[in-house]
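Novice: Sending over query.cif (mmCIF, C-alpha atoms).
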data_structure
loop_
_atom_site.label_atom_id
_atom_site.label_comp_id
_atom_site.auth_asym_id
_atom_site.auth_seq_id
_atom_site.Cartn_x
_atom_site.Cartn_y
_atom_site.Cartn_z
CA MET R 1 57.62 96.04 130.24
CA ASP R 2 61.40 96.28 129.80
CA LYS R 3 61.64 92.74 128.38
CA LYS R 4 58.56 93.36 126.23
CA ARG R 5 60.11 96.50 124.72
CA ARG R 6 63.41 94.74 124.07
CA GLY R 7 61.52 91.84 122.50
CA LEU R 8 59.52 94.26 120.35
CA ARG R 9 62.69 95.95 119.12
CA THR R 10 64.24 92.64 118.09
CA TRP R 11 61.06 91.64 116.24
CA VAL R 12 60.96 94.99 114.43
CA GLN R 13 64.62 94.58 113.45
CA LEU R 14 63.99 91.04 112.18
CA ALA R 15 60.85 92.01 110.29
CA TRP R 16 62.46 95.04 108.65
CA THR R 17 65.54 93.04 107.65
CA ALA R 18 63.33 90.35 106.12
CA LEU R 19 61.19 92.95 104.34
CA THR R 20 64.11 94.82 102.78
CA ASN R 21 66.04 91.67 101.89
CA GLY R 22 63.15 89.59 100.61
CA TYR R 23 64.64 88.37 97.32
CA VAL R 24 65.17 84.86 98.64
CA GLN R 25 65.98 83.46 95.21
CA GLY R 26 69.20 85.49 95.22
CA PHE R 27 70.59 83.42 98.08
CA THR R 28 70.14 80.19 96.15
CA SER R 29 71.14 81.40 92.70
CA GLY R 30 74.04 83.66 93.75
CA THR R 31 72.61 86.70 91.92
CA ILE R 32 71.18 90.05 92.99
CA TRP R 33 67.77 91.67 92.55
CA LYS R 34 67.77 94.08 89.61
CA GLY R 35 64.22 95.36 89.78
CA PRO R 36 63.10 99.02 89.94
CA SER R 37 63.00 99.12 93.75
CA LYS R 38 66.79 98.89 93.75
CA ALA R 39 66.95 102.53 92.67
CA TYR R 40 65.56 103.59 96.06
CA CYS R 41 67.50 103.75 99.28
CA VAL R 42 66.64 101.94 102.50
CA PRO R 43 67.56 103.71 105.74
CA GLY R 44 70.13 101.29 107.20
CA LEU R 45 73.49 99.88 106.19
CA ASN R 46 72.10 97.30 103.76
CA CYS R 47 74.54 96.43 100.98
CA TYR R 48 72.80 96.38 97.61
CA SER R 49 75.00 93.48 96.59
CA CYS R 50 73.30 91.40 99.24
CA PRO R 51 71.54 88.64 97.26
CA GLY R 52 68.26 89.43 98.99
CA ALA R 53 68.45 93.24 98.99
CA LEU R 54 65.46 94.98 97.45
CA GLY R 55 66.79 98.51 97.96
CA ALA R 56 70.06 100.42 97.91
CA CYS R 57 72.34 101.28 100.80
CA PRO R 58 72.41 105.08 101.19
CA LEU R 59 76.11 105.06 102.02
CA GLY R 60 76.94 102.91 99.02
CA ALA R 61 74.68 105.05 96.84
CA LEU R 62 76.40 108.22 98.01
CA GLN R 63 79.86 106.84 97.25
CA SER R 64 78.66 105.46 93.94
CA THR R 65 77.30 108.80 92.77
CA LEU R 66 80.32 110.76 93.99
CA ALA R 67 82.69 108.28 92.31
CA SER R 68 80.77 108.30 89.04
CA GLY R 69 81.85 111.88 88.38
CA ARG R 70 78.19 112.96 88.43
CA ALA R 71 78.21 114.63 91.81
CA ARG R 72 75.04 116.56 91.05
CA THR R 73 73.10 113.32 91.03
CA ALA R 74 73.99 112.85 94.69
CA LEU R 75 71.13 115.27 95.42
CA TYR R 76 68.65 112.39 95.82
CA VAL R 77 70.92 110.51 98.23
CA LEU R 78 71.82 113.65 100.21
CA GLY R 79 68.14 114.52 100.43
CA PHE R 80 67.32 110.99 101.60
CA LEU R 81 69.96 111.13 104.35
CA MET R 82 68.73 114.54 105.52
CA PHE R 83 65.08 113.49 105.48
CA ILE R 84 65.58 110.22 107.35
CA GLY R 85 68.08 111.79 109.73
CA ALA R 86 65.75 114.68 110.56
CA ALA R 87 62.81 112.31 110.98
CA LEU R 88 64.42 109.47 112.91
CA GLY R 89 68.05 110.27 113.69
CA ARG R 90 69.83 107.18 114.98
CA PHE R 91 66.51 105.43 115.61
CA VAL R 92 67.46 103.81 112.28
CA CYS R 93 70.55 102.30 113.94
CA GLY R 94 68.60 100.93 116.87
CA TRP R 95 65.57 99.58 115.05
CA LEU R 96 66.10 99.36 111.26
CA CYS R 97 69.72 98.42 110.49
CA PRO R 98 70.43 94.77 109.60
CA PHE R 99 74.05 94.97 110.74
CA GLY R 100 72.90 96.53 114.00
CA LEU R 101 70.65 93.50 114.46
CA VAL R 102 73.61 91.17 113.87
CA GLN R 103 75.66 92.93 116.54
CA ASP R 104 72.73 92.90 118.98
CA LEU R 105 72.31 89.14 118.55
CA LEU R 106 76.04 88.52 118.89
CA HIS R 107 76.20 90.53 122.11
CA LYS R 108 73.50 88.34 123.65
CA ILE R 109 75.88 85.36 123.45
CA PRO R 110 77.37 84.82 126.92
CA PHE R 111 81.09 85.51 126.94
CA VAL R 112 83.87 85.46 129.49
CA ARG R 113 83.58 89.16 130.14
CA LYS R 114 81.46 92.02 128.81
CA LEU R 115 83.04 95.47 128.68
CA ARG R 116 81.10 98.72 128.90
CA ARG R 117 83.78 100.51 126.92
CA LEU R 118 87.18 99.93 125.32
CA PRO R 119 90.37 101.80 126.31
CA GLY R 120 90.59 105.05 124.38
CA GLU R 121 86.82 105.11 123.89
CA LYS R 122 86.71 108.88 123.38
CA TRP R 123 89.19 108.70 120.49
CA LEU R 124 87.80 105.49 119.02
CA ARG R 125 84.38 107.13 118.63
CA ARG R 126 85.92 109.80 116.39
CA ILE R 127 87.15 107.29 113.82
CA LYS R 128 83.70 107.12 112.22
CA TYR R 129 83.85 110.83 111.36
CA LEU R 130 87.28 110.35 109.76
CA LEU R 131 85.91 107.43 107.74
CA LEU R 132 82.92 109.55 106.70
CA ILE R 133 85.03 112.46 105.50
CA GLY R 134 87.86 110.42 104.02
CA PHE R 135 86.49 107.12 102.74
CA VAL R 136 82.91 108.11 101.95
CA ILE R 137 83.31 111.62 100.55
CA LEU R 138 86.84 112.69 99.63
CA LEU R 139 88.40 109.53 98.24
CA PRO R 140 85.48 108.54 95.97
CA LEU R 141 85.34 112.12 94.72
CA PHE R 142 89.03 112.79 94.12
CA ALA R 143 90.90 109.48 93.88
CA VAL R 144 89.92 108.82 90.28
CA ASP R 145 91.41 106.82 87.41
CA ALA R 146 92.34 108.04 83.94
CA PHE R 147 88.65 108.02 82.95
CA GLY R 148 87.63 110.16 85.90
CA GLN R 149 85.97 107.23 87.69
CA GLY R 150 86.43 106.76 91.40
CA SER R 151 85.69 103.85 93.74
CA PRO R 152 83.40 103.40 96.72
CA TRP R 153 86.30 103.33 99.18
CA PHE R 154 84.33 102.53 102.32
CA CYS R 155 82.39 99.72 100.66
CA LYS R 156 85.51 98.37 99.01
CA TYR R 157 87.97 98.42 101.91
CA VAL R 158 85.97 98.54 105.14
CA CYS R 159 82.27 97.74 105.18
CA PRO R 160 81.70 94.57 107.22
CA SER R 161 77.98 94.61 106.42
CA GLY R 162 78.81 94.16 102.74
CA THR R 163 81.14 91.28 103.53
CA LEU R 164 78.61 89.51 105.75
CA LEU R 165 75.43 90.19 103.77
CA ALA R 166 76.90 90.13 100.26
CA GLY R 167 80.45 88.79 100.04
CA TRP R 168 80.11 85.62 102.10
CA PRO R 169 76.68 84.51 100.76
CA LEU R 170 77.60 85.16 97.12
CA ALA R 171 80.99 83.48 97.46
CA ALA R 172 79.31 80.48 99.07
CA VAL R 173 76.85 79.97 96.22
CA ASN R 174 78.54 81.40 93.11
CA PRO R 175 81.60 79.38 91.96
CA MET R 176 82.60 82.02 89.36
CA LEU R 177 82.96 84.63 92.09
CA ARG R 178 84.85 82.23 94.34
CA ASP R 179 87.49 81.79 91.64
CA VAL R 180 88.40 85.48 91.60
CA LEU R 181 88.55 86.14 95.33
CA GLY R 182 91.87 87.51 96.55
CA PHE R 183 93.55 89.74 99.11
CA LEU R 184 90.72 92.26 99.29
CA PHE R 185 88.19 89.60 100.27
CA ALA R 186 90.63 88.21 102.85
CA TRP R 187 91.18 91.68 104.32
CA LYS R 188 87.48 92.44 104.57
CA SER R 189 86.77 89.01 106.04
CA LEU R 190 89.44 89.62 108.67
CA LEU R 191 87.84 92.96 109.57
CA LEU R 192 84.44 91.31 109.83
CA ILE R 193 85.74 88.51 112.06
CA LEU R 194 87.43 91.09 114.31
CA LEU R 195 84.14 92.97 114.65
CA ILE R 196 82.24 89.75 115.35
CA VAL R 197 84.64 88.95 118.19
CA LEU R 198 84.47 92.53 119.49
CA SER R 199 80.66 92.34 119.44
CA LEU R 200 80.86 89.49 121.93
CA LEU R 201 82.87 91.73 124.26
CA VAL R 202 81.45 95.21 123.82
CA TYR R 203 78.03 96.38 122.64
CA ARG R 204 77.83 97.48 118.98
CA PRO R 205 81.53 98.17 118.29
CA PHE R 206 80.91 98.99 114.61
CA CYS R 207 78.14 101.48 115.37
CA ARG R 208 80.18 103.14 118.09
CA TYR R 209 83.52 103.44 116.38
CA LEU R 210 83.30 102.92 112.61
CA CYS R 211 79.89 103.48 111.02
CA PRO R 212 79.82 106.61 108.83
CA LEU R 213 76.07 106.26 108.32
CA GLY R 214 75.56 106.34 112.07
CA ALA R 215 77.83 109.38 112.16
CA ILE R 216 75.54 111.20 109.70
CA TYR R 217 72.31 110.26 111.47
CA GLY R 218 73.88 111.00 114.85
CA LEU R 219 74.61 114.60 113.86
CA LEU R 220 70.86 115.01 113.34
CA ASN R 221 69.89 113.29 116.62
CA PRO R 222 69.57 116.60 118.52
CA ILE R 223 66.98 117.93 116.07
CA SER R 224 65.24 114.77 114.84
CA LEU R 225 61.47 114.36 115.17
CA TYR R 226 62.08 111.31 117.38
CA ARG R 227 63.96 112.66 120.38
CA LEU R 228 64.23 112.20 124.13
CA LYS R 229 63.41 114.76 126.79
CA VAL R 230 64.47 114.79 130.43
CA ASP R 231 62.05 116.45 132.85
CA ALA R 232 64.36 118.41 135.12
CA HIS R 233 61.72 118.47 137.89
CA ARG R 234 61.46 114.68 137.99
CA CYS R 235 65.13 113.84 137.40
CA THR R 236 67.06 113.03 140.59
CA SER R 237 70.42 112.48 138.80
CA CYS R 238 70.49 108.92 140.11
CA GLY R 239 72.36 107.67 137.02
CA HIS R 240 70.12 104.61 136.47
CA CYS R 241 69.68 105.67 132.83
CA GLN R 242 73.42 105.64 132.23
CA SER R 243 73.78 102.28 133.96
CA ALA R 244 71.05 100.83 131.74
CA CYS R 245 72.51 102.35 128.58
CA LYS R 246 74.71 99.78 126.85
CA LEU R 247 76.54 102.63 125.10
CA ASP R 248 77.29 104.22 128.48
CA ILE R 249 75.69 107.55 127.62
CA PRO R 250 74.83 109.89 130.52
CA VAL R 251 71.25 110.23 129.27
CA TRP R 252 70.18 112.52 132.11
CA GLN R 253 72.79 115.04 130.87
CA ARG R 254 72.72 114.34 127.13
CA PRO R 255 69.36 112.79 126.16
CA ASN R 256 69.95 113.44 122.46
CA SER R 257 73.60 112.48 122.28
CA VAL R 258 75.00 111.85 118.79
CA GLU R 259 75.90 108.35 120.04
CA CYS R 260 72.37 107.35 121.10
CA ILE R 261 70.78 104.64 118.95
CA ARG R 262 67.32 105.08 120.59
CA CYS R 263 67.08 101.54 121.93
CA GLY R 264 64.84 102.81 124.74
CA ASP R 265 66.53 100.98 127.63
CA CYS R 266 66.94 104.26 129.54
CA LEU R 267 63.21 105.02 129.29
CA GLN R 268 62.35 101.91 131.28
CA ALA R 269 65.25 102.23 133.70
CA CYS R 270 64.33 105.70 134.96
CA PRO R 271 62.62 105.25 138.37
CA THR R 272 60.81 108.60 138.23
CA GLY R 273 59.69 108.53 134.61
CA ALA R 274 61.72 111.66 133.90
CA ILE R 275 62.80 110.53 130.44
CA THR R 276 60.23 110.50 127.67
CA SER R 277 60.35 109.98 123.92
CA THR R 278 58.44 112.01 121.32
CA PRO R 279 55.53 109.51 121.03
CA ALA R 280 55.08 109.53 124.82
CA GLN R 281 55.22 113.33 124.87
CA LEU R 282 52.55 113.49 122.18
CA ARG R 283 50.35 111.03 124.13
CA ARG R 284 50.70 113.17 127.26
CA ALA R 285 49.90 116.32 125.31
CA CYS R 286 46.75 114.70 123.86
CA ARG R 287 45.63 113.44 127.30
CA GLY R 288 46.26 116.90 128.71
CA ARG R 289 44.00 118.44 126.07
CA SER R 290 41.23 115.89 126.49
CA MET P 1 53.92 128.04 119.56
CA LYS P 2 56.82 126.97 121.81
CA ASN P 3 56.61 123.42 120.46
CA VAL P 4 56.59 124.64 116.86
CA ARG P 5 59.70 126.73 117.52
CA ALA P 6 61.41 123.73 119.08
CA PHE P 7 60.79 121.70 115.94
CA LEU P 8 61.56 124.45 113.43
CA PRO P 9 65.10 123.22 112.60
CA THR P 10 63.65 119.73 112.16
CA LEU P 11 60.97 120.91 109.76
CA LEU P 12 63.50 122.92 107.78
CA VAL P 13 65.84 119.96 107.34
CA LEU P 14 62.92 117.66 106.54
CA GLY P 15 61.68 120.08 103.92
CA LEU P 16 65.12 120.56 102.42
CA GLY P 17 65.71 116.81 102.36
CA ALA P 18 62.41 116.16 100.63
CA ALA P 19 63.10 118.90 98.08
CA LEU P 20 66.54 117.50 97.31
CA MET P 21 65.08 114.03 96.80
CA VAL P 22 62.52 115.37 94.34
CA VAL P 23 65.01 117.53 92.45
CA GLY P 24 67.65 114.81 92.43
CA THR P 25 65.19 112.25 91.10
CA ARG P 26 64.00 114.61 88.36
CA LEU P 27 67.61 115.31 87.40
CA GLY P 28 68.22 111.58 87.16
CA GLY P 29 69.50 111.29 90.72
CA ARG P 30 68.71 107.63 90.82
CA ASP P 31 70.57 106.85 87.65
CA ALA P 32 74.03 106.32 89.06
CA VAL P 33 72.62 104.14 91.80
CA PHE P 34 70.41 102.12 89.49
CA MET P 35 73.17 101.59 86.92
CA LYS P 36 75.44 100.30 89.64
CA ALA P 37 72.76 98.00 90.96
CA VAL P 38 72.12 96.40 87.59
CA ASN P 39 75.67 95.14 87.73
CA LEU P 40 76.86 93.49 90.90
CA CYS P 41 78.99 95.83 92.99
CA LEU P 42 82.19 93.82 92.92
CA GLU P 43 83.95 96.17 95.32
CA CYS P 44 81.27 95.53 97.95
CA VAL P 45 81.75 91.78 97.58
CA GLY P 46 85.51 92.05 97.92
CA ILE P 47 86.65 91.71 94.35
CA GLY P 48 88.63 94.25 92.35
#
Please rewrite the model in this file as structure tokens.
Specialist:
Amino acid sequence: MDKKRRGLRTWVQLAWTALTNGYVQGFTSGTIWKGPSKAYCVPGLNCYSCPGALGACPLGALQSTLASGRARTALYVLGFLMFIGAALGRFVCGWLCPFGLVQDLLHKIPFVRKLRRLPGEKWLRRIKYLLLIGFVILLPLFAVDAFGQGSPWFCKYVCPSGTLLAGWPLAAVNPMLRDVLGFLFAWKSLLLILLIVLSLLVYRPFCRYLCPLGAIYGLLNPISLYRLKVDAHRCTSCGHCQSACKLDIPVWQRPNSVECIRCGDCLQACPTGAITSTPAQLRRACRGRS
Amino acid sequence: MKNVRAFLPTLLVLGLGAALMVVGTRLGGRDAVFMKAVNLCLECVGIG
């Protein structure tokens, strides 16, 4: 059942990535989709400059609207983040984010040594909140040019998903873009390569330490519709859930941690069935009534 | 009743989120995003 669930999650990730990046022609022509669906956000970190992207990245959309000097039009994006966060929380990270899928696949590659955590883990995990406040909100809003226009700072200087899904494919196919690449592209490529290497060592380093979108959804984990519950009567505090959790979360103590990406590994690892998710709780409630 | 109370914050945030999406769209909330998407986001690609 454990392998089946893991397999199901990978297939859902692959299918969702294919569905939301289905403009195949973009990869061959070096252009992006400009149709009406691009005005709508998709839940995960999916750069809208990705040649195949059919929707907009909510983080990029937020920075874009804040930087455009039309902050009131960020209402749609803010509403989207609240709605998806309240519905799913970081389930998006575990099941619907293309860059999450990339890190999952990279971590499956056998490497010399796998680490459960990096030194300074507690402090590293706070960087994503600093990036959210600084690079996603404040800098696009206030670091403006003479015309009052800002820049999407996180997209421009940090986002590895944009480099992998947009920068590298477009540069590979579009010679005009290749001619104007410079230091910024080199810097972002270096960051991406560093994260690729880290992904071989530790599980989901970008999600854990750097992703501002995960930071937003994580804050809503404790109240999202999809949540975990630990039955105190069944729990024996054996710690199997924490051992199974690749993010090293003590699930039996913090089932709705802001770090949890809802992969479900803990659900299967619990020997007493003490941990349940919302769908399982609903099934039990229905069986109880019937 | 207990279950409804447990999900009350969730329902409030869901409702607020949905309302913001509707209001934002009616106010042209998609415009800035759509305009950006018509032109390639050069910053995202690593140019500029």
Novice: Let me know the residues the PyMOL selection byres ((chain R and resi 94) around 6) catches in the file above, as a list in words.
Specialist: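 Evaluating the PyMOL selection byres ((chain R and resi 94) around 6) on these coordinates yields Phe91, Val92, Cys93, Trp95, Ile261, Arg262 and Cys263 of chain R.
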Novice: Which centre and which edge lengths, in Å to one decimal, describe the axis-aligned box that holds all listed atoms of range 17-28 of chain P after 8 Å is added on each side, as AutoDock Vina command-line options?
Specialist:
--center_x 65.3 --center_y 115.2 --center_z 94.8 --size_x 21.8 --size_y 23.3 --size_z 31.2
Novice: Residues of chain R were defined as contacting chain P if any atom lay at most 8 Å from it, counting all atoms listed in the file; please report them as a ChimeraX atom specification.
Specialist: /R:32,34,36,38-40,47-49,56,61,64-65,68,70,72-84,86-87,152,155-157,159,162-163,166-168,170,180-182,184-185,188,223-225
Novice: Would you work out the distance separating CA of Ala53 in chain R from CA of Trp16 in chain R, expressed in Å to one decimal?
Specialist: 11.5 Å
Novice: Fewer than 2 positions away in the same chain doesn't count, so skip those; otherwise give me all residues within 10 Å of Gly264 in chain R, counting only C-alpha atoms, as number ranges by chain.
Specialist: R: 2, 5-6, 9, 91, 94, 228, 241, 244-245, 260-262, 266-269, 275-277
Novice: Work out how far apart CA of Phe99 in chain R and CA of Trp252 in chain R are and give it in Å to one decimal.
Specialist: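 Going from CA of Phe99 in chain R over to CA of Trp252 in chain R covers 27.9 Å.
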Novice: If the PyMOL selection byres ((chain R and resi 138-142) around 10) is run on the structure shown, which residues does it catch, given as a compact mmCIF listing (two decimals) with C-alpha atoms, keeping the file's coordinate frame?
Specialist:
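Output (part29.txt):
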# COMPACT_ATOMS: atom_id res chain seq x y z
CA LEU R 62 76.40 108.22 98.01
CA GLN R 63 79.86 106.84 97.25
CA SER R 64 78.66 105.46 93.94
CA THR R 65 77.30 108.80 92.77
CA LEU R 66 80.32 110.76 93.99
CA ALA R 67 82.69 108.28 92.31
CA SER R 68 80.77 108.30 89.04
CA GLY R 69 81.85 111.88 88.38
CA ARG R 70 78.19 112.96 88.43
CA ALA R 71 78.21 114.63 91.81
CA LEU R 131 85.91 107.43 107.74
CA LEU R 132 82.92 109.55 106.70
CA ILE R 133 85.03 112.46 105.50
CA GLY R 134 87.86 110.42 104.02
CA PHE R 135 86.49 107.12 102.74
CA VAL R 136 82.91 108.11 101.95
CA ILE R 137 83.31 111.62 100.55
CA ALA R 143 90.90 109.48 93.88
CA VAL R 144 89.92 108.82 90.28
CA ASP R 145 91.41 106.82 87.41
CA GLY R 148 87.63 110.16 85.90
CA GLN R 149 85.97 107.23 87.69
CA GLY R 150 86.43 106.76 91.40
CA SER R 151 85.69 103.85 93.74
CA PRO R 152 83.40 103.40 96.72
CA TRP R 153 86.30 103.33 99.18
CA PHE R 154 84.33 102.53 102.32
Novice: Quick one: pull the distance between CA of Val230 in chain R and CA of Leu101 in chain R, Å, one decimal.
Specialist: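 If I compute the distance from CA of Val230 in chain R to CA of Leu101 in chain R, I get 27.3 Å.
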Novice: Please enumerate the residues selected by the PyMOL selection byres ((chain R and resi 211) around 12) when evaluated against the supplied file, formatted as a PyMOL selection string.
Specialist: chain R and resi 44-45+59+90+93+97+99-100+124-133+135-136+154-155+158-161+195+204-210+212-218+259
Novice: Complete the atom set of range 12-22 of chain R to all heavy atoms and return it as a short mmCIF file (atom, residue, chain, number, x, y, z; two decimals), in the frame of the given file.
Specialist:
data_model
loop_
_atom_site.label_atom_id
_atom_site.label_comp_id
_atom_site.auth_asym_id
_atom_site.auth_seq_id
_atom_site.Cartn_x
_atom_site.Cartn_y
_atom_site.Cartn_z
N VAL R 12 60.99 93.94 115.47
CA VAL R 12 60.96 94.99 114.43
C VAL R 12 62.21 94.91 113.57
O VAL R 12 62.15 95.00 112.34
CB VAL R 12 60.82 96.40 115.07
CG1 VAL R 12 61.06 97.50 114.04
CG2 VAL R 12 59.45 96.57 115.71
N GLN R 13 63.36 94.72 114.20
CA GLN R 13 64.62 94.58 113.45
C GLN R 13 64.55 93.39 112.50
O GLN R 13 64.93 93.50 111.33
CB GLN R 13 65.80 94.40 114.41
CG GLN R 13 66.19 95.65 115.18
CD GLN R 13 67.27 95.35 116.21
OE1 GLN R 13 67.04 94.64 117.18
NE2 GLN R 13 68.45 95.90 116.00
N LEU R 14 64.08 92.25 113.00
CA LEU R 14 63.99 91.04 112.18
C LEU R 14 63.02 91.25 111.02
O LEU R 14 63.33 90.91 109.87
CB LEU R 14 63.54 89.84 113.03
CG LEU R 14 64.59 89.24 113.95
CD1 LEU R 14 63.94 88.32 114.99
CD2 LEU R 14 65.62 88.46 113.14
N ALA R 15 61.87 91.82 111.32
CA ALA R 15 60.85 92.01 110.29
C ALA R 15 61.34 92.97 109.20
O ALA R 15 61.16 92.73 108.01
CB ALA R 15 59.56 92.54 110.91
N TRP R 16 61.97 94.06 109.64
CA TRP R 16 62.46 95.04 108.65
C TRP R 16 63.57 94.46 107.79
O TRP R 16 63.61 94.67 106.58
CB TRP R 16 62.95 96.30 109.39
CG TRP R 16 63.41 97.36 108.44
CD1 TRP R 16 64.70 97.70 108.12
CD2 TRP R 16 62.58 98.22 107.66
NE1 TRP R 16 64.73 98.70 107.19
CE2 TRP R 16 63.45 99.05 106.90
CE3 TRP R 16 61.20 98.39 107.53
CZ2 TRP R 16 62.97 100.03 106.02
CZ3 TRP R 16 60.73 99.36 106.67
CH2 TRP R 16 61.59 100.16 105.91
N THR R 17 64.46 93.69 108.40
CA THR R 17 65.54 93.04 107.65
C THR R 17 64.96 92.07 106.62
O THR R 17 65.39 92.06 105.46
CB THR R 17 66.50 92.29 108.60
OG1 THR R 17 67.08 93.22 109.50
CG2 THR R 17 67.60 91.58 107.83
N ALA R 18 63.96 91.29 107.04
CA ALA R 18 63.33 90.35 106.12
C ALA R 18 62.61 91.09 104.98
O ALA R 18 62.67 90.69 103.82
CB ALA R 18 62.34 89.45 106.87
N LEU R 19 61.96 92.19 105.33
CA LEU R 19 61.19 92.95 104.34
C LEU R 19 62.09 93.57 103.28
O LEU R 19 61.79 93.56 102.09
CB LEU R 19 60.41 94.06 105.07
CG LEU R 19 59.35 94.83 104.29
CD1 LEU R 19 58.19 93.91 103.99
CD2 LEU R 19 58.86 96.03 105.10
N THR R 20 63.22 94.11 103.71
CA THR R 20 64.11 94.82 102.78
C THR R 20 65.14 93.90 102.11
O THR R 20 65.87 94.33 101.24
CB THR R 20 64.86 95.96 103.49
OG1 THR R 20 65.47 95.45 104.67
CG2 THR R 20 63.91 97.07 103.87
N ASN R 21 65.15 92.64 102.53
CA ASN R 21 66.04 91.67 101.89
C ASN R 21 65.25 90.44 101.50
O ASN R 21 65.66 89.31 101.75
CB ASN R 21 67.18 91.28 102.86
CG ASN R 21 68.09 92.45 103.12
OD1 ASN R 21 68.98 92.76 102.34
ND2 ASN R 21 67.85 93.15 104.23
N GLY R 22 64.10 90.67 100.87
CA GLY R 22 63.15 89.59 100.61
C GLY R 22 63.36 88.81 99.33
O GLY R 22 62.58 87.90 99.03
#
